[in-house]
Amino acid sequence: MPTLWAVADLHGAISENLARIAKLTPPDPNDWLIVAGDVAERCELILRILRGLAARYDTVIWTPGNHELFSRSQDQYKGREKYDYLVDACREIGVITPEDPYPVFNGATIVPLFTLYDYSFRPSGTTVEQALQQANLKQLVMTDEVAIAPFVDVRAWCWDRLAYSIKRLSRVQGPTILVNHWPLVQEPTMVLRFPEIALWSGTRHTRSWPRRYNAEAVIYGHLHLPSKMNVDEVDHIEVSLGYPREWRNQPCHIPWPYPVTSTFGELN
């Protein structure tokens with residue numbers, strides 16, 4: 001009875017997390033694994049972790065998070081070039097990316113998305129500039145602003161990705177499982193301790209996608225708040241590991257890795 005499992009936010013540069021990643025072993029060698037972003041920052045480590053997972057699971061499906069896009073000025077690959085490099089490298093080790101044909105598991109098309117964010121998860125009536133200024137005043141600024149934004153126009157890239165994804169999704173028939181690092185709806189960000197973090201957590205333009213594209217479930221990460229939330233009759237499931245201080249202390253609301261579906265049973 002092969003199972004489709006899901007994880008996110010592995011943050012493999014941290015030794016305690018790397019030890020947990022090493023223990024990710026499928027009960028059935030035919031099991032699949034979704035990795036919904038934030039594997040690590042350095043290309044070598046990202047690929048080493050994905051290669052190890054691909055050796056244990058029948059199929060591994062990866063979509064990037066913000067940490068995979070982090071760059072320094074001296075790095076060989078930055079911005080869009082870094083993503084392109086990782087896609088090519090993943091293909092060499094047999095890992096499915098958002099640029100590849102969508103695989104089908106138990107009758108559902110698994111759709112790895114890469115949509116980024118456009119600062120549209122912001123307070124009503126504020127401009128992007130005003131919302132970012134308010135976050136700056138509270139000293140709540142994501143590392144993205146110094147490790148992604150200097151190398152690429154994030155909003156423009158987000159909008160490119162939205163158009164690209166819609167074009168591909170429009171060709172999919174039947175049920176889907178949508179996978180993205182960032183949540184596709186704003187509701188999960190409304191429970192954040194610091195609501196300003198929502199600015200870097202998605203885009204309002206994906207709001208209708210789960211219903212429009214027949215999603216049986218949405219798998220995501222980024223917020224480090226593992227949970228299941230039903231929005232418009234679709235389960236949105238965060239499957240993050242997060243940082244040790246988080247996974248050691250926070251209550252376990254859902255199992256990790258998360259069993260999305262199996263060839264024998266229904267969605268969890």
# chains A, B, ... in the order shown; residues from 1 in each chain; ligands from 1

$ closest_atom_pairs --of "stretch 161-265 of chain A" --to "stretch 25-44 of chain A" --cutoff "9 Å" --atoms "only C-alpha atoms" --output "JSON lines"
{"residue": "A:Val179", "atom": "CA", "partner": "A:Ala36", "partner_atom": "CA", "distance": 6.6}
{"residue": "A:Asn180", "atom": "CA", "partner": "A:Ala36", "partner_atom": "CA", "distance": 6.0}
{"residue": "A:His181", "atom": "CA", "partner": "A:Ala36", "partner_atom": "CA", "distance": 5.0}
{"residue": "A:Trp182", "atom": "CA", "partner": "A:Gly37", "partner_atom": "CA", "distance": 8.7}
{"residue": "A:Ile219", "atom": "CA", "partner": "A:Ala36", "partner_atom": "CA", "distance": 7.4}
{"residue": "A:Tyr220", "atom": "CA", "partner": "A:Ala36", "partner_atom": "CA", "distance": 6.0}
{"residue": "A:Gly221", "atom": "CA", "partner": "A:Ala36", "partner_atom": "CA", "distance": 6.3}
{"residue": "A:His222", "atom": "CA", "partner": "A:Asp38", "partner_atom": "CA", "distance": 7.7}
{"residue": "A:Val239", "atom": "CA", "partner": "A:Ala36", "partner_atom": "CA", "distance": 8.1}
{"residue": "A:Ser240", "atom": "CA", "partner": "A:Ala36", "partner_atom": "CA", "distance": 8.3}
{"residue": "A:Pro257", "atom": "CA", "partner": "A:Leu33", "partner_atom": "CA", "distance": 8.9}
{"residue": "A:Ser262", "atom": "CA", "partner": "A:Asp31", "partner_atom": "CA", "distance": 8.6}

$ write_last_selection --atoms "C-alpha atoms" --output "PDB file, in the first residue's frame"
ATOM      1  CA  VAL A 179       1.995  21.708  -3.439  1.00  0.00           C
ATOM      2  CA  ASN A 180       3.627  25.069  -2.755  1.00  0.00           C
ATOM      3  CA  HIS A 181       6.107  26.337  -0.215  1.00  0.00           C
ATOM      4  CA  TRP A 182       4.012  29.416   0.546  1.00  0.00           C
ATOM      5  CA  ILE A 219       0.346  20.999   0.965  1.00  0.00           C
ATOM      6  CA  TYR A 220       2.573  23.886   2.044  1.00  0.00           C
ATOM      7  CA  GLY A 221       5.194  25.040   4.565  1.00  0.00           C
ATOM      8  CA  HIS A 222       6.976  28.323   5.310  1.00  0.00           C
ATOM      9  CA  VAL A 239       3.905  20.024   6.926  1.00  0.00           C
ATOM     10  CA  SER A 240       6.907  22.024   8.197  1.00  0.00           C
ATOM     11  CA  PRO A 257       6.134  13.294   7.895  1.00  0.00           C
ATOM     12  CA  SER A 262      -2.256   6.070   0.026  1.00  0.00           C
TER      13      SER A 262
END

$ closest_atom_pairs --of "stretch 146-171 of chain A" --to "stretch 94-111 of chain A" --cutoff "12 Å" --atoms "only C-alpha atoms" --output "Markdown table"
| residue | atom | partner | partner_atom | distance |
| --- | --- | --- | --- | --- |
| A:Arg161 | CA | A:Pro98 | CA | 10.2 |
| A:Tyr164 | CA | A:Glu99 | CA | 9.9 |
| A:Ser165 | CA | A:Pro98 | CA | 8.9 |
| A:Ile166 | CA | A:Val111 | CA | 11.4 |
| A:Arg168 | CA | A:Tyr102 | CA | 9.5 |
| A:Leu169 | CA | A:Val111 | CA | 8.1 |
| A:Ser170 | CA | A:Val111 | CA | 11.7 |
| A:Arg171 | CA | A:Tyr102 | CA | 10.8 |

$ residues_around --residues "stretch 185-202 of chain A" --least-positions-apart "5" --cutoff "6 Å" --atoms "only C-alpha atoms" --output "ChimeraX atom specification"
/A:117,119,121-122,135,207

$ write_last_selection --atoms "all heavy atoms" --output "CSV table (one decimal), in the first residue's frame"
chain,number,residue,atom,x,y,z
A,117,TYR,N,6.0,35.3,-3.6
A,117,TYR,CA,5.2,36.2,-2.9
A,117,TYR,C,5.2,37.6,-3.5
A,117,TYR,O,6.2,37.9,-4.2
A,117,TYR,CB,5.6,36.3,-1.4
A,117,TYR,CG,7.0,36.7,-1.2
A,117,TYR,CD1,7.4,38.0,-1.1
A,117,TYR,CD2,8.0,35.7,-1.2
A,117,TYR,CE1,8.8,38.4,-1.0
A,117,TYR,CE2,9.4,36.1,-1.1
A,117,TYR,CZ,9.7,37.4,-1.0
A,117,TYR,OH,11.1,37.8,-0.9
A,119,TYR,N,3.9,40.6,-1.7
A,119,TYR,CA,3.6,41.5,-0.6
A,119,TYR,C,2.1,41.8,-0.6
A,119,TYR,O,1.7,42.8,0.0
A,119,TYR,CB,4.3,42.8,-0.7
A,119,TYR,CG,5.8,42.6,-0.9
A,119,TYR,CD1,6.5,42.9,-2.1
A,119,TYR,CD2,6.6,42.2,0.2
A,119,TYR,CE1,7.9,42.7,-2.2
A,119,TYR,CE2,8.0,42.1,0.1
A,119,TYR,CZ,8.6,42.3,-1.1
A,119,TYR,OH,10.0,42.2,-1.2
A,121,PHE,N,-0.3,39.9,0.8
A,121,PHE,CA,-0.9,39.6,2.1
A,121,PHE,C,-0.5,40.7,3.1
A,121,PHE,O,0.3,40.6,4.0
A,121,PHE,CB,-0.3,38.3,2.7
A,121,PHE,CG,-0.8,37.0,2.0
A,121,PHE,CD1,-0.2,35.8,2.4
A,121,PHE,CD2,-1.7,37.1,1.0
A,121,PHE,CE1,-0.7,34.6,1.8
A,121,PHE,CE2,-2.1,35.9,0.4
A,121,PHE,CZ,-1.6,34.7,0.8
A,122,ARG,N,-1.2,41.9,2.9
A,122,ARG,CA,-0.9,43.0,3.7
A,122,ARG,C,-2.2,43.7,4.2
A,122,ARG,O,-3.3,43.4,3.7
A,122,ARG,CB,-0.1,44.1,2.9
A,122,ARG,CG,-0.8,44.6,1.7
A,122,ARG,CD,0.0,45.6,0.9
A,122,ARG,NE,-0.7,46.3,-0.2
A,122,ARG,CZ,-0.7,45.8,-1.4
A,122,ARG,NH1,-0.1,44.7,-1.7
A,122,ARG,NH2,-1.4,46.5,-2.3
A,135,ALA,N,6.6,47.3,8.7
A,135,ALA,CA,7.3,46.2,9.2
A,135,ALA,C,8.7,46.6,9.6
A,135,ALA,O,9.2,46.1,10.7
A,135,ALA,CB,7.4,45.1,8.1
A,207,ARG,N,-5.7,32.6,-4.4
A,207,ARG,CA,-6.8,32.3,-3.5
A,207,ARG,C,-7.8,31.3,-4.1
A,207,ARG,O,-8.3,30.4,-3.4
A,207,ARG,CB,-7.5,33.6,-3.2
A,207,ARG,CG,-8.9,33.5,-2.5
A,207,ARG,CD,-8.7,33.3,-1.0
A,207,ARG,NE,-9.9,32.7,-0.4
A,207,ARG,CZ,-10.1,32.6,0.9
A,207,ARG,NH1,-9.2,33.1,1.7
A,207,ARG,NH2,-11.1,32.1,1.4

$ atom_distance --atom1 "atom CA of A:Gln173" --atom2 "atom CA of A:Ser208"
16.5 Å

$ closest_residue --among "A:Glu216, A:Asp88, A:Asp118, A:Glu246" --to "A:Leu178" --atoms "only C-alpha atoms"
A:Glu216

$ residues_around --residues "A:Pro226" --least-positions-apart "2" --cutoff "8 Å" --atoms "only C-alpha atoms" --output "PDB file with N, CA and C atoms, in the first residue's frame"
ATOM      1  N   GLY A 221       4.312  24.899   3.404  1.00  0.00           N
ATOM      2  CA  GLY A 221       5.194  25.040   4.565  1.00  0.00           C
ATOM      3  C   GLY A 221       5.338  26.499   4.930  1.00  0.00           C
ATOM      4  N   HIS A 224       6.108  27.498   9.617  1.00  0.00           N
ATOM      5  CA  HIS A 224       6.583  26.717  10.762  1.00  0.00           C
ATOM      6  C   HIS A 224       5.478  26.543  11.799  1.00  0.00           C
ATOM      7  N   LYS A 228      -3.642  21.711  10.115  1.00  0.00           N
ATOM      8  CA  LYS A 228      -4.585  21.480   9.022  1.00  0.00           C
ATOM      9  C   LYS A 228      -5.716  22.482   9.166  1.00  0.00           C
ATOM     10  N   ILE A 237      -2.780  21.983   4.429  1.00  0.00           N
ATOM     11  CA  ILE A 237      -2.008  21.270   5.441  1.00  0.00           C
ATOM     12  C   ILE A 237      -0.570  21.753   5.429  1.00  0.00           C
ATOM     13  N   GLU A 238      -0.142  22.341   6.538  1.00  0.00           N
ATOM     14  CA  GLU A 238       1.263  22.733   6.645  1.00  0.00           C
ATOM     15  C   GLU A 238       2.058  21.584   7.238  1.00  0.00           C
ATOM     16  N   VAL A 239       3.144  21.217   6.562  1.00  0.00           N
ATOM     17  CA  VAL A 239       3.905  20.024   6.926  1.00  0.00           C
ATOM     18  C   VAL A 239       5.348  20.368   7.297  1.00  0.00           C
ATOM     19  N   SER A 240       5.560  21.554   7.865  1.00  0.00           N
ATOM     20  CA  SER A 240       6.907  22.024   8.197  1.00  0.00           C
ATOM     21  C   SER A 240       7.537  21.224   9.331  1.00  0.00           C
ATOM     22  N   LEU A 241       8.852  21.067   9.232  1.00  0.00           N
ATOM     23  CA  LEU A 241       9.648  20.643  10.382  1.00  0.00           C
ATOM     24  C   LEU A 241      10.034  21.878  11.183  1.00  0.00           C
ATOM     25  N   CYS A 252       2.339  18.731  18.791  1.00  0.00           N
ATOM     26  CA  CYS A 252       2.290  18.065  17.495  1.00  0.00           C
ATOM     27  C   CYS A 252       0.825  17.960  17.056  1.00  0.00           C
ATOM     28  N   HIS A 253       0.407  18.891  16.195  1.00  0.00           N
ATOM     29  CA  HIS A 253      -0.977  18.894  15.737  1.00  0.00           C
ATOM     30  C   HIS A 253      -1.219  17.875  14.627  1.00  0.00           C
ATOM     31  N   ILE A 254      -0.199  17.577  13.859  1.00  0.00           N
ATOM     32  CA  ILE A 254      -0.333  16.605  12.781  1.00  0.00           C
ATOM     33  C   ILE A 254       0.932  15.745  12.761  1.00  0.00           C
TER      34      ILE A 254
END

$ atom_distance --atom1 "atom CA of A:Val141" --atom2 "atom CA of A:Gly65"
16.9 Å

$ closest_residue --among "A:Arg72, A:His67, A:His205, A:Arg211" --to "A:Ala163" --atoms "only C-alpha atoms"
A:His205

$ atom_distance --atom1 "atom CA of A:Ile46" --atom2 "atom CA of A:Leu4"
21.1 Å

$ select_by_dssp --residues "stretch 36-73 of chain A" --states "helix (DSSP H, G or I)" --output "count of residues only"
18

$ closest_residue --among "A:Ser120, A:Tyr213, A:Glu233, A:Asn249" --to "A:Lys167" --atoms "only C-alpha atoms"
A:Tyr213

$ select_by_dssp --residues "stretch 56-211 of chain A" --states "strand (DSSP E or B)" --output "mmCIF file with N, CA, C and O atoms, in the first residue's frame"
data_model
loop_
_atom_site.group_PDB
_atom_site.id
_atom_site.type_symbol
_atom_site.label_atom_id
_atom_site.label_comp_id
_atom_site.auth_asym_id
_atom_site.auth_seq_id
_atom_site.Cartn_x
_atom_site.Cartn_y
_atom_site.Cartn_z
ATOM 1 N N THR A 59 9.643 7.997 -5.441
ATOM 2 C CA THR A 59 9.541 9.258 -6.170
ATOM 3 C C THR A 59 9.630 10.409 -5.187
ATOM 4 O O THR A 59 8.969 10.378 -4.140
ATOM 5 N N VAL A 60 10.437 11.408 -5.502
ATOM 6 C CA VAL A 60 10.542 12.617 -4.681
ATOM 7 C C VAL A 60 10.133 13.811 -5.534
ATOM 8 O O VAL A 60 10.597 13.963 -6.667
ATOM 9 N N ILE A 61 9.261 14.637 -4.968
ATOM 10 C CA ILE A 61 8.746 15.824 -5.654
ATOM 11 C C ILE A 61 9.156 17.036 -4.837
ATOM 12 O O ILE A 61 8.813 17.141 -3.653
ATOM 13 N N TRP A 62 9.879 17.947 -5.455
ATOM 14 C CA TRP A 62 10.422 19.114 -4.746
ATOM 15 C C TRP A 62 9.910 20.398 -5.362
ATOM 16 O O TRP A 62 9.806 20.528 -6.582
ATOM 17 N N ILE A 96 11.541 15.301 -9.114
ATOM 18 C CA ILE A 96 10.570 16.052 -9.911
ATOM 19 C C ILE A 96 10.482 17.485 -9.398
ATOM 20 O O ILE A 96 10.421 17.723 -8.191
ATOM 21 N N VAL A 104 1.124 11.488 -11.281
ATOM 22 C CA VAL A 104 -0.192 11.105 -10.766
ATOM 23 C C VAL A 104 -0.007 10.012 -9.720
ATOM 24 O O VAL A 104 0.680 9.010 -9.964
ATOM 25 N N PHE A 105 -0.614 10.219 -8.556
ATOM 26 C CA PHE A 105 -0.562 9.241 -7.473
ATOM 27 C C PHE A 105 -1.991 8.959 -7.027
ATOM 28 O O PHE A 105 -2.724 9.877 -6.648
ATOM 29 N N ALA A 108 -4.798 11.165 -8.360
ATOM 30 C CA ALA A 108 -4.706 12.621 -8.210
ATOM 31 C C ALA A 108 -3.400 13.117 -8.829
ATOM 32 O O ALA A 108 -2.335 12.523 -8.629
ATOM 33 N N THR A 109 -3.499 14.206 -9.572
ATOM 34 C CA THR A 109 -2.305 14.817 -10.151
ATOM 35 C C THR A 109 -1.602 15.654 -9.093
ATOM 36 O O THR A 109 -2.209 16.539 -8.492
ATOM 37 N N ILE A 110 -0.338 15.341 -8.851
ATOM 38 C CA ILE A 110 0.458 16.092 -7.882
ATOM 39 C C ILE A 110 1.071 17.283 -8.608
ATOM 40 O O ILE A 110 1.831 17.111 -9.564
ATOM 41 N N VAL A 111 0.740 18.495 -8.150
ATOM 42 C CA VAL A 111 1.167 19.714 -8.848
ATOM 43 C C VAL A 111 2.130 20.505 -7.966
ATOM 44 O O VAL A 111 1.715 21.250 -7.070
ATOM 45 N N PRO A 112 3.447 20.350 -8.175
ATOM 46 C CA PRO A 112 4.401 21.195 -7.450
ATOM 47 C C PRO A 112 4.408 22.599 -8.050
ATOM 48 O O PRO A 112 4.668 22.762 -9.239
ATOM 49 N N THR A 176 -6.635 17.065 -8.002
ATOM 50 C CA THR A 176 -5.230 17.451 -7.851
ATOM 51 C C THR A 176 -4.850 17.494 -6.375
ATOM 52 O O THR A 176 -5.714 17.571 -5.495
ATOM 53 N N ILE A 177 -3.568 17.461 -6.118
ATOM 54 C CA ILE A 177 -2.988 17.822 -4.826
ATOM 55 C C ILE A 177 -1.989 18.927 -5.136
ATOM 56 O O ILE A 177 -1.000 18.708 -5.837
ATOM 57 N N LEU A 178 -2.302 20.135 -4.676
ATOM 58 C CA LEU A 178 -1.460 21.291 -4.959
ATOM 59 C C LEU A 178 -0.382 21.415 -3.898
ATOM 60 O O LEU A 178 -0.666 21.328 -2.695
ATOM 61 N N VAL A 179 0.840 21.623 -4.334
ATOM 62 C CA VAL A 179 1.995 21.708 -3.439
ATOM 63 C C VAL A 179 2.701 23.034 -3.680
ATOM 64 O O VAL A 179 3.050 23.353 -4.820
#

$ closest_residue --among "A:Ala147, A:Met142, A:Leu184, A:Ala22" --to "A:Glu68" --atoms "only C-alpha atoms"
A:Ala147

$ closest_residue --among "A:His236, A:Arg20, A:Arg245, A:Arg56" --to "A:Val218" --atoms "only C-alpha atoms"
A:His236

$ decode --residues "stretch 209-254 of chain A" --atoms "N, CA and C atoms" --output "PDB file, in the first residue's frame"
ATOM      1  N   TRP A 209      -7.388  29.092  -6.498  1.00  0.00           N
ATOM      2  CA  TRP A 209      -6.827  27.920  -7.164  1.00  0.00           C
ATOM      3  C   TRP A 209      -7.299  26.584  -6.601  1.00  0.00           C
ATOM      4  N   PRO A 210      -7.337  26.387  -5.280  1.00  0.00           N
ATOM      5  CA  PRO A 210      -7.733  25.068  -4.771  1.00  0.00           C
ATOM      6  C   PRO A 210      -9.093  24.603  -5.293  1.00  0.00           C
ATOM      7  N   ARG A 211     -10.082  25.495  -5.307  1.00  0.00           N
ATOM      8  CA  ARG A 211     -11.398  25.124  -5.816  1.00  0.00           C
ATOM      9  C   ARG A 211     -11.394  25.048  -7.346  1.00  0.00           C
ATOM     10  N   ARG A 212     -10.743  26.016  -7.977  1.00  0.00           N
ATOM     11  CA  ARG A 212     -10.760  26.078  -9.441  1.00  0.00           C
ATOM     12  C   ARG A 212     -10.103  24.851 -10.058  1.00  0.00           C
ATOM     13  N   TYR A 213      -9.048  24.347  -9.413  1.00  0.00           N
ATOM     14  CA  TYR A 213      -8.287  23.236  -9.979  1.00  0.00           C
ATOM     15  C   TYR A 213      -8.503  21.929  -9.221  1.00  0.00           C
ATOM     16  N   ASN A 214      -9.665  21.783  -8.609  1.00  0.00           N
ATOM     17  CA  ASN A 214     -10.134  20.504  -8.049  1.00  0.00           C
ATOM     18  C   ASN A 214      -9.170  19.889  -7.032  1.00  0.00           C
ATOM     19  N   ALA A 215      -8.648  20.724  -6.145  1.00  0.00           N
ATOM     20  CA  ALA A 215      -7.687  20.221  -5.165  1.00  0.00           C
ATOM     21  C   ALA A 215      -8.366  19.357  -4.109  1.00  0.00           C
ATOM     22  N   GLU A 216      -7.842  18.182  -3.893  1.00  0.00           N
ATOM     23  CA  GLU A 216      -8.251  17.352  -2.768  1.00  0.00           C
ATOM     24  C   GLU A 216      -7.544  17.807  -1.499  1.00  0.00           C
ATOM     25  N   ALA A 217      -6.387  18.426  -1.667  1.00  0.00           N
ATOM     26  CA  ALA A 217      -5.637  18.977  -0.537  1.00  0.00           C
ATOM     27  C   ALA A 217      -4.599  19.946  -1.071  1.00  0.00           C
ATOM     28  N   VAL A 218      -4.192  20.864  -0.208  1.00  0.00           N
ATOM     29  CA  VAL A 218      -3.084  21.781  -0.496  1.00  0.00           C
ATOM     30  C   VAL A 218      -2.004  21.509   0.549  1.00  0.00           C
ATOM     31  N   ILE A 219      -0.800  21.259   0.085  1.00  0.00           N
ATOM     32  CA  ILE A 219       0.346  20.999   0.965  1.00  0.00           C
ATOM     33  C   ILE A 219       1.276  22.204   0.885  1.00  0.00           C
ATOM     34  N   TYR A 220       1.688  22.720   2.045  1.00  0.00           N
ATOM     35  CA  TYR A 220       2.573  23.886   2.044  1.00  0.00           C
ATOM     36  C   TYR A 220       3.454  23.876   3.289  1.00  0.00           C
ATOM     37  N   GLY A 221       4.312  24.899   3.404  1.00  0.00           N
ATOM     38  CA  GLY A 221       5.194  25.040   4.565  1.00  0.00           C
ATOM     39  C   GLY A 221       5.338  26.499   4.930  1.00  0.00           C
ATOM     40  N   HIS A 222       6.583  26.920   5.146  1.00  0.00           N
ATOM     41  CA  HIS A 222       6.976  28.323   5.310  1.00  0.00           C
ATOM     42  C   HIS A 222       6.687  28.928   6.681  1.00  0.00           C
ATOM     43  N   LEU A 223       5.508  28.724   7.241  1.00  0.00           N
ATOM     44  CA  LEU A 223       5.130  29.419   8.470  1.00  0.00           C
ATOM     45  C   LEU A 223       5.653  28.733   9.731  1.00  0.00           C
ATOM     46  N   HIS A 224       6.108  27.498   9.617  1.00  0.00           N
ATOM     47  CA  HIS A 224       6.583  26.717  10.762  1.00  0.00           C
ATOM     48  C   HIS A 224       5.478  26.543  11.799  1.00  0.00           C
ATOM     49  N   LEU A 225       4.254  26.355  11.316  1.00  0.00           N
ATOM     50  CA  LEU A 225       3.098  26.116  12.180  1.00  0.00           C
ATOM     51  C   LEU A 225       2.347  24.900  11.641  1.00  0.00           C
ATOM     52  N   PRO A 226       2.877  23.689  11.865  1.00  0.00           N
ATOM     53  CA  PRO A 226       2.220  22.501  11.308  1.00  0.00           C
ATOM     54  C   PRO A 226       0.764  22.416  11.756  1.00  0.00           C
ATOM     55  N   SER A 227      -0.127  22.285  10.799  1.00  0.00           N
ATOM     56  CA  SER A 227      -1.551  22.295  11.129  1.00  0.00           C
ATOM     57  C   SER A 227      -2.351  21.922   9.896  1.00  0.00           C
ATOM     58  N   LYS A 228      -3.642  21.711  10.115  1.00  0.00           N
ATOM     59  CA  LYS A 228      -4.585  21.480   9.022  1.00  0.00           C
ATOM     60  C   LYS A 228      -5.716  22.482   9.166  1.00  0.00           C
ATOM     61  N   MET A 229      -6.023  23.192   8.098  1.00  0.00           N
ATOM     62  CA  MET A 229      -7.081  24.197   8.109  1.00  0.00           C
ATOM     63  C   MET A 229      -7.956  23.999   6.877  1.00  0.00           C
ATOM     64  N   ASN A 230      -9.260  23.935   7.084  1.00  0.00           N
ATOM     65  CA  ASN A 230     -10.171  23.788   5.967  1.00  0.00           C
ATOM     66  C   ASN A 230     -10.646  25.161   5.507  1.00  0.00           C
ATOM     67  N   VAL A 231     -10.382  25.484   4.256  1.00  0.00           N
ATOM     68  CA  VAL A 231     -10.771  26.762   3.669  1.00  0.00           C
ATOM     69  C   VAL A 231     -11.553  26.469   2.391  1.00  0.00           C
ATOM     70  N   ASP A 232     -12.777  26.930   2.333  1.00  0.00           N
ATOM     71  CA  ASP A 232     -13.628  26.704   1.152  1.00  0.00           C
ATOM     72  C   ASP A 232     -13.706  25.219   0.801  1.00  0.00           C
ATOM     73  N   GLU A 233     -13.828  24.391   1.856  1.00  0.00           N
ATOM     74  CA  GLU A 233     -14.026  22.950   1.710  1.00  0.00           C
ATOM     75  C   GLU A 233     -12.803  22.208   1.179  1.00  0.00           C
ATOM     76  N   VAL A 234     -11.637  22.824   1.278  1.00  0.00           N
ATOM     77  CA  VAL A 234     -10.385  22.169   0.899  1.00  0.00           C
ATOM     78  C   VAL A 234      -9.443  22.219   2.087  1.00  0.00           C
ATOM     79  N   ASP A 235      -8.818  21.087   2.418  1.00  0.00           N
ATOM     80  CA  ASP A 235      -7.843  21.052   3.508  1.00  0.00           C
ATOM     81  C   ASP A 235      -6.517  21.644   3.057  1.00  0.00           C
ATOM     82  N   HIS A 236      -6.030  22.611   3.826  1.00  0.00           N
ATOM     83  CA  HIS A 236      -4.712  23.214   3.617  1.00  0.00           C
ATOM     84  C   HIS A 236      -3.836  22.725   4.764  1.00  0.00           C
ATOM     85  N   ILE A 237      -2.780  21.983   4.429  1.00  0.00           N
ATOM     86  CA  ILE A 237      -2.008  21.270   5.441  1.00  0.00           C
ATOM     87  C   ILE A 237      -0.570  21.753   5.429  1.00  0.00           C
ATOM     88  N   GLU A 238      -0.142  22.341   6.538  1.00  0.00           N
ATOM     89  CA  GLU A 238       1.263  22.733   6.645  1.00  0.00           C
ATOM     90  C   GLU A 238       2.058  21.584   7.238  1.00  0.00           C
ATOM     91  N   VAL A 239       3.144  21.217   6.562  1.00  0.00           N
ATOM     92  CA  VAL A 239       3.905  20.024   6.926  1.00  0.00           C
ATOM     93  C   VAL A 239       5.348  20.368   7.297  1.00  0.00           C
ATOM     94  N   SER A 240       5.560  21.554   7.865  1.00  0.00           N
ATOM     95  CA  SER A 240       6.907  22.024   8.197  1.00  0.00           C
ATOM     96  C   SER A 240       7.537  21.224   9.331  1.00  0.00           C
ATOM     97  N   LEU A 241       8.852  21.067   9.232  1.00  0.00           N
ATOM     98  CA  LEU A 241       9.648  20.643  10.382  1.00  0.00           C
ATOM     99  C   LEU A 241      10.034  21.878  11.183  1.00  0.00           C
ATOM    100  N   GLY A 242      10.702  22.833  10.543  1.00  0.00           N
ATOM    101  CA  GLY A 242      11.080  24.058  11.232  1.00  0.00           C
ATOM    102  C   GLY A 242      12.392  23.932  11.973  1.00  0.00           C
ATOM    103  N   TYR A 243      12.645  24.858  12.880  1.00  0.00           N
ATOM    104  CA  TYR A 243      13.897  24.882  13.631  1.00  0.00           C
ATOM    105  C   TYR A 243      13.764  24.058  14.917  1.00  0.00           C
ATOM    106  N   PRO A 244      14.879  23.534  15.447  1.00  0.00           N
ATOM    107  CA  PRO A 244      14.800  22.680  16.642  1.00  0.00           C
ATOM    108  C   PRO A 244      14.040  23.300  17.806  1.00  0.00           C
ATOM    109  N   ARG A 245      14.238  24.601  18.042  1.00  0.00           N
ATOM    110  CA  ARG A 245      13.523  25.230  19.153  1.00  0.00           C
ATOM    111  C   ARG A 245      12.014  25.174  18.955  1.00  0.00           C
ATOM    112  N   GLU A 246      11.594  25.034  17.686  1.00  0.00           N
ATOM    113  CA  GLU A 246      10.164  24.957  17.380  1.00  0.00           C
ATOM    114  C   GLU A 246       9.666  23.524  17.494  1.00  0.00           C
ATOM    115  N   TRP A 247      10.319  22.577  16.818  1.00  0.00           N
ATOM    116  CA  TRP A 247       9.777  21.218  16.820  1.00  0.00           C
ATOM    117  C   TRP A 247       9.996  20.492  18.140  1.00  0.00           C
ATOM    118  N   ARG A 248      10.901  21.010  18.968  1.00  0.00           N
ATOM    119  CA  ARG A 248      11.053  20.405  20.293  1.00  0.00           C
ATOM    120  C   ARG A 248       9.945  20.839  21.255  1.00  0.00           C
ATOM    121  N   ASN A 249       9.422  22.046  21.060  1.00  0.00           N
ATOM    122  CA  ASN A 249       8.539  22.637  22.062  1.00  0.00           C
ATOM    123  C   ASN A 249       7.071  22.772  21.652  1.00  0.00           C
ATOM    124  N   GLN A 250       6.799  22.848  20.344  1.00  0.00           N
ATOM    125  CA  GLN A 250       5.415  23.082  19.960  1.00  0.00           C
ATOM    126  C   GLN A 250       4.630  21.770  19.968  1.00  0.00           C
ATOM    127  N   PRO A 251       3.344  21.831  20.295  1.00  0.00           N
ATOM    128  CA  PRO A 251       2.522  20.622  20.282  1.00  0.00           C
ATOM    129  C   PRO A 251       2.421  20.052  18.876  1.00  0.00           C
ATOM    130  N   CYS A 252       2.339  18.731  18.791  1.00  0.00           N
ATOM    131  CA  CYS A 252       2.290  18.065  17.495  1.00  0.00           C
ATOM    132  C   CYS A 252       0.825  17.960  17.056  1.00  0.00           C
ATOM    133  N   HIS A 253       0.407  18.891  16.195  1.00  0.00           N
ATOM    134  CA  HIS A 253      -0.977  18.894  15.737  1.00  0.00           C
ATOM    135  C   HIS A 253      -1.219  17.875  14.627  1.00  0.00           C
ATOM    136  N   ILE A 254      -0.199  17.577  13.859  1.00  0.00           N
ATOM    137  CA  ILE A 254      -0.333  16.605  12.781  1.00  0.00           C
ATOM    138  C   ILE A 254       0.932  15.745  12.761  1.00  0.00           C
TER     139      ILE A 254
END
